[in-house]
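Visitor: target-v5.tsv is reproduced in full below (TSV, N, CA, C and O atoms).
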```
chain	number	residue	atom	x	y	z
A	1	MET	N	-35.04	-23.20	28.48
A	1	MET	CA	-35.09	-21.76	28.67
A	1	MET	C	-33.70	-21.19	29.04
A	1	MET	O	-33.32	-20.14	28.56
A	2	LYS	N	-32.97	-21.93	29.89
A	2	LYS	CA	-31.64	-21.46	30.30
A	2	LYS	C	-30.69	-21.40	29.10
A	2	LYS	O	-29.88	-20.49	29.00
A	3	ASN	N	-30.80	-22.37	28.20
A	3	ASN	CA	-29.94	-22.38	27.02
A	3	ASN	C	-30.21	-21.18	26.12
A	3	ASN	O	-29.29	-20.62	25.54
A	4	VAL	N	-31.47	-20.80	26.01
A	4	VAL	CA	-31.83	-19.65	25.19
A	4	VAL	C	-31.23	-18.38	25.80
A	4	VAL	O	-30.67	-17.54	25.10
A	5	LEU	N	-31.33	-18.26	27.12
A	5	LEU	CA	-30.76	-17.09	27.80
A	5	LEU	C	-29.24	-17.06	27.66
A	5	LEU	O	-28.66	-16.00	27.42
A	6	ARG	N	-28.59	-18.21	27.81
A	6	ARG	CA	-27.13	-18.27	27.66
A	6	ARG	C	-26.71	-17.87	26.25
A	6	ARG	O	-25.75	-17.13	26.05
A	7	THR	N	-27.43	-18.38	25.27
A	7	THR	CA	-27.12	-18.06	23.88
A	7	THR	C	-27.30	-16.57	23.61
A	7	THR	O	-26.45	-15.93	22.98
A	8	ALA	N	-28.39	-16.02	24.12
A	8	ALA	CA	-28.66	-14.58	23.92
A	8	ALA	C	-27.59	-13.74	24.61
A	8	ALA	O	-27.08	-12.78	24.03
A	9	LEU	N	-27.24	-14.12	25.84
A	9	LEU	CA	-26.23	-13.37	26.58
A	9	LEU	C	-24.87	-13.47	25.88
A	9	LEU	O	-24.15	-12.49	25.75
A	10	SER	N	-24.54	-14.65	25.39
A	10	SER	CA	-23.27	-14.83	24.67
A	10	SER	C	-23.23	-13.96	23.42
A	10	SER	O	-22.22	-13.34	23.12
A	11	SER	N	-24.33	-13.90	22.70
A	11	SER	CA	-24.40	-13.07	21.49
A	11	SER	C	-24.20	-11.60	21.82
A	11	SER	O	-23.49	-10.89	21.11
A	12	VAL	N	-24.81	-11.15	22.89
A	12	VAL	CA	-24.68	-9.75	23.31
A	12	VAL	C	-23.23	-9.45	23.69
A	12	VAL	O	-22.66	-8.43	23.29
A	13	LEU	N	-22.60	-10.35	24.44
A	13	LEU	CA	-21.22	-10.14	24.85
A	13	LEU	C	-20.26	-10.12	23.66
A	13	LEU	O	-19.36	-9.29	23.59
A	14	VAL	N	-20.45	-11.03	22.73
A	14	VAL	CA	-19.59	-11.07	21.54
A	14	VAL	C	-19.76	-9.80	20.72
A	14	VAL	O	-18.79	-9.20	20.26
A	15	THR	N	-20.99	-9.35	20.56
A	15	THR	CA	-21.25	-8.12	19.81
A	15	THR	C	-20.59	-6.92	20.49
A	15	THR	O	-19.97	-6.09	19.82
A	16	ALA	N	-20.70	-6.85	21.81
A	16	ALA	CA	-20.09	-5.74	22.55
A	16	ALA	C	-18.57	-5.77	22.41
A	16	ALA	O	-17.93	-4.73	22.23
A	17	LEU	N	-17.98	-6.94	22.47
A	17	LEU	CA	-16.53	-7.07	22.33
A	17	LEU	C	-16.07	-6.65	20.94
A	17	LEU	O	-15.09	-5.91	20.80
A	18	LEU	N	-16.77	-7.10	19.92
A	18	LEU	CA	-16.41	-6.71	18.55
A	18	LEU	C	-16.54	-5.21	18.35
A	18	LEU	O	-15.71	-4.58	17.68
A	19	PHE	N	-17.57	-4.61	18.93
A	19	PHE	CA	-17.75	-3.16	18.83
A	19	PHE	C	-16.60	-2.42	19.50
A	19	PHE	O	-16.07	-1.46	18.96
A	20	ALA	N	-16.19	-2.89	20.69
A	20	ALA	CA	-15.10	-2.25	21.41
A	20	ALA	C	-13.79	-2.33	20.62
A	20	ALA	O	-13.05	-1.35	20.54
A	21	ILE	N	-13.52	-3.47	20.03
A	21	ILE	CA	-12.30	-3.64	19.24
A	21	ILE	C	-12.33	-2.72	18.02
A	21	ILE	O	-11.35	-2.06	17.70
A	22	SER	N	-13.46	-2.64	17.37
A	22	SER	CA	-13.62	-1.79	16.19
A	22	SER	C	-13.44	-0.32	16.56
A	22	SER	O	-12.77	0.43	15.85
A	23	THR	N	-14.02	0.09	17.66
A	23	THR	CA	-13.92	1.48	18.11
A	23	THR	C	-12.48	1.86	18.44
A	23	THR	O	-12.01	2.92	18.08
A	24	GLU	N	-11.75	0.95	19.09
A	24	GLU	CA	-10.35	1.20	19.43
A	24	GLU	C	-9.51	1.35	18.17
A	24	GLU	O	-8.68	2.23	18.05
A	25	SER	N	-9.75	0.49	17.20
A	25	SER	CA	-9.02	0.54	15.94
A	25	SER	C	-9.28	1.85	15.21
A	25	SER	O	-8.36	2.47	14.67
A	26	GLN	N	-10.52	2.30	15.20
A	26	GLN	CA	-10.86	3.56	14.54
A	26	GLN	C	-10.21	4.74	15.25
A	26	GLN	O	-9.77	5.68	14.60
A	27	ALA	N	-10.12	4.69	16.57
A	27	ALA	CA	-9.49	5.77	17.32
A	27	ALA	C	-8.01	5.88	16.98
A	27	ALA	O	-7.48	6.98	16.81
A	28	LYS	N	-7.34	4.73	16.84
A	28	LYS	CA	-5.92	4.74	16.49
A	28	LYS	C	-5.72	5.31	15.08
A	28	LYS	O	-4.81	6.08	14.84
A	29	LYS	N	-6.59	4.92	14.15
A	29	LYS	CA	-6.49	5.44	12.79
A	29	LYS	C	-6.75	6.93	12.78
A	29	LYS	O	-6.10	7.67	12.05
A	30	SER	N	-7.69	7.39	13.60
A	30	SER	CA	-7.99	8.82	13.66
A	30	SER	C	-6.80	9.60	14.21
A	30	SER	O	-6.45	10.64	13.69
A	31	ARG	N	-6.15	9.07	15.26
A	31	ARG	CA	-4.96	9.71	15.81
A	31	ARG	C	-3.86	9.78	14.76
A	31	ARG	O	-3.21	10.81	14.60
A	32	PHE	N	-3.66	8.70	14.05
A	32	PHE	CA	-2.65	8.65	13.00
A	32	PHE	C	-2.96	9.70	11.93
A	32	PHE	O	-2.08	10.44	11.51
A	33	SER	N	-4.21	9.78	11.51
A	33	SER	CA	-4.62	10.74	10.47
A	33	SER	C	-4.39	12.19	10.91
A	33	SER	O	-4.01	13.02	10.09
A	34	LYS	N	-4.61	12.47	12.19
A	34	LYS	CA	-4.39	13.84	12.68
A	34	LYS	C	-2.92	14.21	12.66
A	34	LYS	O	-2.56	15.35	12.37
A	35	ILE	N	-2.05	13.25	12.93
A	35	ILE	CA	-0.61	13.52	12.95
A	35	ILE	C	-0.05	13.59	11.53
A	35	ILE	O	0.89	14.33	11.26
A	36	ASP	N	-0.65	12.84	10.62
A	36	ASP	CA	-0.20	12.79	9.22
A	36	ASP	C	-0.58	14.10	8.51
A	36	ASP	O	-1.55	14.18	7.78
A	37	ALA	N	0.24	15.12	8.71
A	37	ALA	CA	-0.06	16.48	8.25
A	37	ALA	C	-0.29	16.58	6.74
A	37	ALA	O	-1.16	17.33	6.30
A	38	ASN	N	0.47	15.84	5.95
A	38	ASN	CA	0.32	15.95	4.49
A	38	ASN	C	-0.58	14.85	3.91
A	38	ASN	O	-0.69	14.72	2.69
A	39	SER	N	-1.19	14.06	4.76
A	39	SER	CA	-2.16	13.02	4.37
A	39	SER	C	-1.63	12.03	3.33
A	39	SER	O	-2.35	11.60	2.45
A	40	ASP	N	-0.34	11.68	3.47
A	40	ASP	CA	0.24	10.73	2.51
A	40	ASP	C	0.17	9.28	3.00
A	40	ASP	O	0.66	8.37	2.35
A	41	GLY	N	-0.43	9.07	4.17
A	41	GLY	CA	-0.59	7.71	4.68
A	41	GLY	C	0.61	7.18	5.44
A	41	GLY	O	0.66	6.00	5.76
A	42	LYS	N	1.57	8.05	5.71
A	42	LYS	CA	2.75	7.65	6.48
A	42	LYS	C	3.25	8.86	7.26
A	42	LYS	O	2.99	10.00	6.89
A	43	LEU	N	3.95	8.59	8.36
A	43	LEU	CA	4.47	9.67	9.19
A	43	LEU	C	5.97	9.84	8.98
A	43	LEU	O	6.72	8.87	9.04
A	44	SER	N	6.37	11.07	8.77
A	44	SER	CA	7.80	11.38	8.70
A	44	SER	C	8.27	11.64	10.13
A	44	SER	O	7.47	11.80	11.05
A	45	VAL	N	9.56	11.68	10.31
A	45	VAL	CA	10.12	11.95	11.64
A	45	VAL	C	9.67	13.34	12.12
A	45	VAL	O	9.43	13.54	13.31
A	46	GLU	N	9.54	14.28	11.20
A	46	GLU	CA	9.11	15.63	11.57
A	46	GLU	C	7.66	15.63	12.06
A	46	GLU	O	7.34	16.27	13.07
A	47	GLU	N	6.78	14.93	11.34
A	47	GLU	CA	5.38	14.86	11.74
A	47	GLU	C	5.25	14.18	13.10
A	47	GLU	O	4.51	14.63	13.97
A	48	PHE	N	5.99	13.09	13.28
A	48	PHE	CA	5.96	12.35	14.54
A	48	PHE	C	6.48	13.22	15.69
A	48	PHE	O	5.83	13.35	16.72
A	49	SER	N	7.63	13.82	15.50
A	49	SER	CA	8.27	14.60	16.55
A	49	SER	C	7.43	15.81	16.97
A	49	SER	O	7.40	16.17	18.16
A	50	ALA	N	6.76	16.41	16.02
A	50	ALA	CA	5.94	17.59	16.32
A	50	ALA	C	4.73	17.25	17.18
A	50	ALA	O	4.10	18.16	17.74
A	51	ASN	N	4.42	15.97	17.33
A	51	ASN	CA	3.21	15.58	18.04
A	51	ASN	C	3.46	14.74	19.29
A	51	ASN	O	2.60	13.99	19.72
A	52	ILE	N	4.65	14.85	19.85
A	52	ILE	CA	4.94	14.17	21.10
A	52	ILE	C	5.33	15.21	22.15
A	52	ILE	O	5.66	16.35	21.81
A	53	LYS	N	5.28	14.80	23.42
A	53	LYS	CA	5.54	15.74	24.52
A	53	LYS	C	6.95	16.32	24.48
A	53	LYS	O	7.15	17.48	24.79
A	54	LYS	N	7.92	15.50	24.14
A	54	LYS	CA	9.31	15.96	24.09
A	54	LYS	C	9.83	15.81	22.66
A	54	LYS	O	10.47	14.81	22.32
A	55	PRO	N	9.58	16.81	21.80
A	55	PRO	CA	9.98	16.71	20.39
A	55	PRO	C	11.45	16.40	20.17
A	55	PRO	O	11.80	15.76	19.19
A	56	LYS	N	12.33	16.83	21.09
A	56	LYS	CA	13.76	16.57	20.90
A	56	LYS	C	14.07	15.07	20.95
A	56	LYS	O	15.06	14.62	20.40
A	57	ASN	N	13.20	14.29	21.61
A	57	ASN	CA	13.38	12.84	21.68
A	57	ASN	C	12.74	12.13	20.47
A	57	ASN	O	12.84	10.91	20.35
A	58	GLY	N	12.11	12.89	19.61
A	58	GLY	CA	11.38	12.32	18.48
A	58	GLY	C	12.20	11.42	17.57
A	58	GLY	O	11.80	10.29	17.31
A	59	PRO	N	13.35	11.89	17.08
A	59	PRO	CA	14.13	11.05	16.17
A	59	PRO	C	14.54	9.70	16.76
A	59	PRO	O	14.50	8.67	16.08
A	60	LYS	N	14.90	9.69	18.03
A	60	LYS	CA	15.31	8.44	18.68
A	60	LYS	C	14.12	7.48	18.81
A	60	LYS	O	14.23	6.30	18.49
A	61	ARG	N	12.97	8.01	19.27
A	61	ARG	CA	11.76	7.18	19.40
A	61	ARG	C	11.30	6.70	18.03
A	61	ARG	O	10.89	5.56	17.87
A	62	PHE	N	11.35	7.60	17.06
A	62	PHE	CA	10.94	7.28	15.70
A	62	PHE	C	11.75	6.10	15.15
A	62	PHE	O	11.19	5.17	14.58
A	63	ALA	N	13.06	6.14	15.35
A	63	ALA	CA	13.94	5.09	14.84
A	63	ALA	C	13.58	3.73	15.45
A	63	ALA	O	13.63	2.70	14.75
A	64	ARG	N	13.20	3.71	16.73
A	64	ARG	CA	12.80	2.45	17.36
A	64	ARG	C	11.50	1.90	16.78
A	64	ARG	O	11.30	0.70	16.71
A	65	LEU	N	10.61	2.80	16.38
A	65	LEU	CA	9.30	2.39	15.87
A	65	LEU	C	9.31	2.03	14.39
A	65	LEU	O	8.44	1.29	13.93
A	66	ASP	N	10.28	2.56	13.66
A	66	ASP	CA	10.36	2.33	12.21
A	66	ASP	C	10.93	0.93	11.95
A	66	ASP	O	12.09	0.76	11.60
A	67	ILE	N	10.08	-0.07	12.09
A	67	ILE	CA	10.48	-1.48	12.01
A	67	ILE	C	11.14	-1.81	10.67
A	67	ILE	O	12.18	-2.47	10.63
A	68	ASP	N	10.56	-1.37	9.57
A	68	ASP	CA	11.11	-1.70	8.25
A	68	ASP	C	12.21	-0.74	7.80
A	68	ASP	O	12.76	-0.88	6.71
A	69	GLU	N	12.51	0.23	8.63
A	69	GLU	CA	13.61	1.19	8.40
A	69	GLU	C	13.51	1.89	7.05
A	69	GLU	O	14.52	2.14	6.39
A	70	ASP	N	12.28	2.26	6.67
A	70	ASP	CA	12.11	2.97	5.40
A	70	ASP	C	12.08	4.49	5.57
A	70	ASP	O	11.91	5.22	4.62
A	71	GLY	N	12.26	4.95	6.81
A	71	GLY	CA	12.27	6.38	7.07
A	71	GLY	C	10.89	6.97	7.32
A	71	GLY	O	10.75	8.18	7.47
A	72	PHE	N	9.87	6.12	7.39
A	72	PHE	CA	8.51	6.56	7.66
A	72	PHE	C	7.84	5.56	8.59
A	72	PHE	O	8.23	4.40	8.66
A	73	LEU	N	6.80	6.03	9.30
A	73	LEU	CA	5.99	5.13	10.11
A	73	LEU	C	4.69	4.87	9.38
A	73	LEU	O	3.98	5.81	9.01
A	74	SER	N	4.39	3.61	9.18
A	74	SER	CA	3.09	3.24	8.61
A	74	SER	C	2.06	3.25	9.74
A	74	SER	O	2.42	3.31	10.92
A	75	SER	N	0.80	3.15	9.38
A	75	SER	CA	-0.24	3.11	10.42
A	75	SER	C	-0.06	1.86	11.28
A	75	SER	O	-0.33	1.89	12.48
A	76	GLU	N	0.43	0.77	10.69
A	76	GLU	CA	0.66	-0.45	11.46
A	76	GLU	C	1.79	-0.28	12.47
A	76	GLU	O	1.68	-0.72	13.61
A	77	GLU	N	2.88	0.36	12.05
A	77	GLU	CA	3.99	0.60	12.97
A	77	GLU	C	3.54	1.53	14.10
A	77	GLU	O	3.89	1.32	15.26
A	78	PHE	N	2.75	2.53	13.75
A	78	PHE	CA	2.24	3.46	14.74
A	78	PHE	C	1.32	2.75	15.73
A	78	PHE	O	1.40	2.96	16.94
A	79	ALA	N	0.44	1.89	15.23
A	79	ALA	CA	-0.49	1.15	16.08
A	79	ALA	C	0.26	0.18	16.99
A	79	ALA	O	-0.14	-0.01	18.14
A	80	ALA	N	1.34	-0.41	16.50
A	80	ALA	CA	2.13	-1.33	17.31
A	80	ALA	C	2.70	-0.62	18.52
A	80	ALA	O	2.78	-1.19	19.61
A	81	GLN	N	3.06	0.64	18.37
A	81	GLN	CA	3.57	1.43	19.48
A	81	GLN	C	2.50	1.58	20.55
A	81	GLN	O	2.77	1.43	21.74
A	82	SER	N	1.27	1.82	20.15
A	82	SER	CA	0.17	1.96	21.10
A	82	SER	C	-0.08	0.65	21.83
A	82	SER	O	-0.37	0.65	23.02
A	83	LYS	N	0.04	-0.47	21.13
A	83	LYS	CA	-0.17	-1.78	21.76
A	83	LYS	C	0.89	-2.03	22.82
A	83	LYS	O	0.61	-2.52	23.89
A	84	LYS	N	2.15	-1.67	22.51
A	84	LYS	CA	3.24	-1.86	23.48
A	84	LYS	C	2.99	-1.01	24.72
A	84	LYS	O	3.20	-1.46	25.84
A	85	LYS	N	2.53	0.23	24.52
A	85	LYS	CA	2.25	1.12	25.63
A	85	LYS	C	1.19	0.54	26.54
A	85	LYS	O	1.32	0.53	27.75
A	86	ASN	N	0.10	0.04	25.94
A	86	ASN	CA	-1.00	-0.53	26.72
A	86	ASN	C	-0.60	-1.82	27.43
A	86	ASN	O	-1.09	-2.11	28.51
A	87	LYS	N	0.31	-2.57	26.85
A	87	LYS	CA	0.77	-3.81	27.44
A	87	LYS	C	1.56	-3.55	28.71
A	87	LYS	O	1.51	-4.30	29.68
A	88	ASN	N	2.30	-2.44	28.73
A	88	ASN	CA	3.14	-2.09	29.88
A	88	ASN	C	2.36	-1.50	31.04
A	88	ASN	O	2.91	-1.34	32.12
A	89	LYS	N	1.12	-1.17	30.85
A	89	LYS	CA	0.32	-0.55	31.93
A	89	LYS	C	-0.16	-1.60	32.90
A	89	LYS	O	-0.30	-2.70	32.72
```
Turn the structure described in the file into structure tokens.

Guide:
Amino acid sequence: MKNVLRTALSSVLVTALLFAISTESQAKKSRFSKIDANSDGKLSVEEFSANIKKPKNGPKRFARLDIDEDGFLSSEEFAAQSKKKNKNK
């Protein structure tokens, strides 16, 4: 009986964890989509800067986040910034 309860509890915990991860990922994509004004799937420095607290710092922050240096932020580059922020908390 204990093994059945452990298995059931483990299944519930794994399901809850997967749901939480999925929800967080969707939230990041939603934030990215809201900032992506022209819906081209990438953020320009102007789109990024217009959506931060200190727009004048936008170009400098943007350059640090643009890992592949293509002049745009992909959703992956944008999400990586959020991960770094959460890691520092």

Visitor: Would you pick out the contacts of segment 55-59 of chain A at 12 Å or less, using only C-alpha atoms, so that residues sharing its chain but fewer than 2 positions from it are not included, and give the list as a list of chain:residue names?

Guide: A:Leu43, A:Ser44, A:Val45, A:Glu46, A:Glu47, A:Phe48, A:Ser49, A:Ala50, A:Asn51, A:Ile52, A:Lys53, A:Arg61, A:Phe62, A:Ala63, A:Arg64, A:Leu65, A:Asp66, A:Gly71, A:Phe72, A:Leu73

Visitor: Find, counting all atoms listed in the file, the residue in A:Leu5, A:Ser11, A:Ile67, A:Ser74 that gets nearest to Phe32 of chain A.

Guide: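 Smallest distance to Phe32 of chain A is found for A:Ser74.
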
Visitor: Report, in Å with one decimal, the straight-line distance from atom CA of Gly41 of chain A to atom C of Thr15 of chain A.

Guide: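 Interatomic distance, atom CA of Gly41 of chain A to atom C of Thr15 of chain A: 29.4 Å.
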
Visitor: In Å, with one decimal, what is the gap from atom CA of Asp36 of chain A to atom CA of Gln81 of chain A?

Guide: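 These two atoms are separated by 15.8 Å.
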
Visitor: Just the number, please: distance in Å from atom CA of Ile35 of chain A to atom CA of Ser75 of chain A, one decimal.

Guide: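 Taking atom CA of Ile35 of chain A as the start and atom CA of Ser75 of chain A as the end point, the length is 10.7 Å.
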
Visitor: Can you patch up segment 60-71 of chain A, filling it in to all heavy atoms, and show the result as an mmCIF file, keeping the file's coordinate frame?

Guide:
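The file below, out-v1.cif, is the result:
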```cif
data_model
loop_
_atom_site.group_PDB
_atom_site.id
_atom_site.type_symbol
_atom_site.label_atom_id
_atom_site.label_comp_id
_atom_site.auth_asym_id
_atom_site.auth_seq_id
_atom_site.Cartn_x
_atom_site.Cartn_y
_atom_site.Cartn_z
ATOM 1 N N LYS A 60 14.900 9.690 18.030
ATOM 2 C CA LYS A 60 15.310 8.440 18.680
ATOM 3 C C LYS A 60 14.120 7.480 18.810
ATOM 4 O O LYS A 60 14.230 6.300 18.490
ATOM 5 C CB LYS A 60 15.904 8.761 20.050
ATOM 6 C CG LYS A 60 16.552 7.606 20.730
ATOM 7 C CD LYS A 60 17.211 8.070 22.014
ATOM 8 C CE LYS A 60 17.913 6.920 22.711
ATOM 9 N NZ LYS A 60 18.599 7.365 23.933
ATOM 10 N N ARG A 61 12.970 8.010 19.270
ATOM 11 C CA ARG A 61 11.760 7.180 19.400
ATOM 12 C C ARG A 61 11.300 6.700 18.030
ATOM 13 O O ARG A 61 10.890 5.560 17.870
ATOM 14 C CB ARG A 61 10.643 7.962 20.081
ATOM 15 C CG ARG A 61 10.836 8.096 21.576
ATOM 16 C CD ARG A 61 9.703 8.819 22.253
ATOM 17 N NE ARG A 61 8.424 8.174 22.012
ATOM 18 C CZ ARG A 61 7.260 8.757 22.258
ATOM 19 N NH1 ARG A 61 7.205 9.965 22.746
ATOM 20 N NH2 ARG A 61 6.138 8.115 22.009
ATOM 21 N N PHE A 62 11.350 7.600 17.060
ATOM 22 C CA PHE A 62 10.940 7.280 15.700
ATOM 23 C C PHE A 62 11.750 6.100 15.150
ATOM 24 O O PHE A 62 11.190 5.170 14.580
ATOM 25 C CB PHE A 62 11.114 8.514 14.804
ATOM 26 C CG PHE A 62 10.645 8.327 13.397
ATOM 27 C CD1 PHE A 62 9.346 8.636 13.041
ATOM 28 C CD2 PHE A 62 11.505 7.849 12.422
ATOM 29 C CE1 PHE A 62 8.906 8.469 11.732
ATOM 30 C CE2 PHE A 62 11.076 7.669 11.114
ATOM 31 C CZ PHE A 62 9.768 7.986 10.774
ATOM 32 N N ALA A 63 13.060 6.140 15.350
ATOM 33 C CA ALA A 63 13.940 5.090 14.840
ATOM 34 C C ALA A 63 13.580 3.730 15.450
ATOM 35 O O ALA A 63 13.630 2.700 14.750
ATOM 36 C CB ALA A 63 15.397 5.427 15.133
ATOM 37 N N ARG A 64 13.200 3.710 16.730
ATOM 38 C CA ARG A 64 12.800 2.450 17.360
ATOM 39 C C ARG A 64 11.500 1.900 16.780
ATOM 40 O O ARG A 64 11.300 0.700 16.710
ATOM 41 C CB ARG A 64 12.641 2.642 18.872
ATOM 42 C CG ARG A 64 13.944 2.693 19.627
ATOM 43 C CD ARG A 64 13.729 2.522 21.112
ATOM 44 N NE ARG A 64 12.740 3.429 21.664
ATOM 45 C CZ ARG A 64 12.994 4.507 22.384
ATOM 46 N NH1 ARG A 64 14.241 4.826 22.660
ATOM 47 N NH2 ARG A 64 12.023 5.266 22.851
ATOM 48 N N LEU A 65 10.610 2.800 16.380
ATOM 49 C CA LEU A 65 9.300 2.390 15.870
ATOM 50 C C LEU A 65 9.310 2.030 14.390
ATOM 51 O O LEU A 65 8.440 1.290 13.930
ATOM 52 C CB LEU A 65 8.278 3.513 16.098
ATOM 53 C CG LEU A 65 8.020 3.891 17.556
ATOM 54 C CD1 LEU A 65 7.132 5.112 17.626
ATOM 55 C CD2 LEU A 65 7.404 2.736 18.302
ATOM 56 N N ASP A 66 10.280 2.560 13.660
ATOM 57 C CA ASP A 66 10.360 2.330 12.210
ATOM 58 C C ASP A 66 10.930 0.930 11.950
ATOM 59 O O ASP A 66 12.090 0.760 11.600
ATOM 60 C CB ASP A 66 11.222 3.409 11.563
ATOM 61 C CG ASP A 66 11.244 3.329 10.050
ATOM 62 O OD1 ASP A 66 10.393 2.616 9.471
ATOM 63 O OD2 ASP A 66 12.111 3.976 9.452
ATOM 64 N N ILE A 67 10.080 -0.070 12.090
ATOM 65 C CA ILE A 67 10.480 -1.480 12.010
ATOM 66 C C ILE A 67 11.140 -1.810 10.670
ATOM 67 O O ILE A 67 12.180 -2.470 10.630
ATOM 68 C CB ILE A 67 9.266 -2.410 12.221
ATOM 69 C CG1 ILE A 67 8.558 -2.111 13.546
ATOM 70 C CG2 ILE A 67 9.682 -3.877 12.144
ATOM 71 C CD1 ILE A 67 9.367 -2.309 14.779
ATOM 72 N N ASP A 68 10.560 -1.370 9.570
ATOM 73 C CA ASP A 68 11.110 -1.700 8.250
ATOM 74 C C ASP A 68 12.210 -0.740 7.800
ATOM 75 O O ASP A 68 12.760 -0.880 6.710
ATOM 76 C CB ASP A 68 10.014 -1.795 7.192
ATOM 77 C CG ASP A 68 9.250 -0.493 7.001
ATOM 78 O OD1 ASP A 68 9.652 0.549 7.567
ATOM 79 O OD2 ASP A 68 8.231 -0.530 6.289
ATOM 80 N N GLU A 69 12.510 0.230 8.630
ATOM 81 C CA GLU A 69 13.610 1.190 8.400
ATOM 82 C C GLU A 69 13.510 1.890 7.050
ATOM 83 O O GLU A 69 14.520 2.140 6.390
ATOM 84 C CB GLU A 69 14.963 0.490 8.554
ATOM 85 C CG GLU A 69 15.181 -0.070 9.943
ATOM 86 C CD GLU A 69 16.497 -0.795 10.108
ATOM 87 O OE1 GLU A 69 17.211 -1.020 9.109
ATOM 88 O OE2 GLU A 69 16.832 -1.132 11.255
ATOM 89 N N ASP A 70 12.280 2.260 6.670
ATOM 90 C CA ASP A 70 12.110 2.970 5.400
ATOM 91 C C ASP A 70 12.080 4.490 5.570
ATOM 92 O O ASP A 70 11.910 5.220 4.620
ATOM 93 C CB ASP A 70 10.845 2.495 4.675
ATOM 94 C CG ASP A 70 9.563 2.853 5.411
ATOM 95 O OD1 ASP A 70 9.624 3.299 6.585
ATOM 96 O OD2 ASP A 70 8.487 2.686 4.812
ATOM 97 N N GLY A 71 12.260 4.950 6.810
ATOM 98 C CA GLY A 71 12.270 6.380 7.070
ATOM 99 C C GLY A 71 10.890 6.970 7.320
ATOM 100 O O GLY A 71 10.750 8.180 7.470
#
```
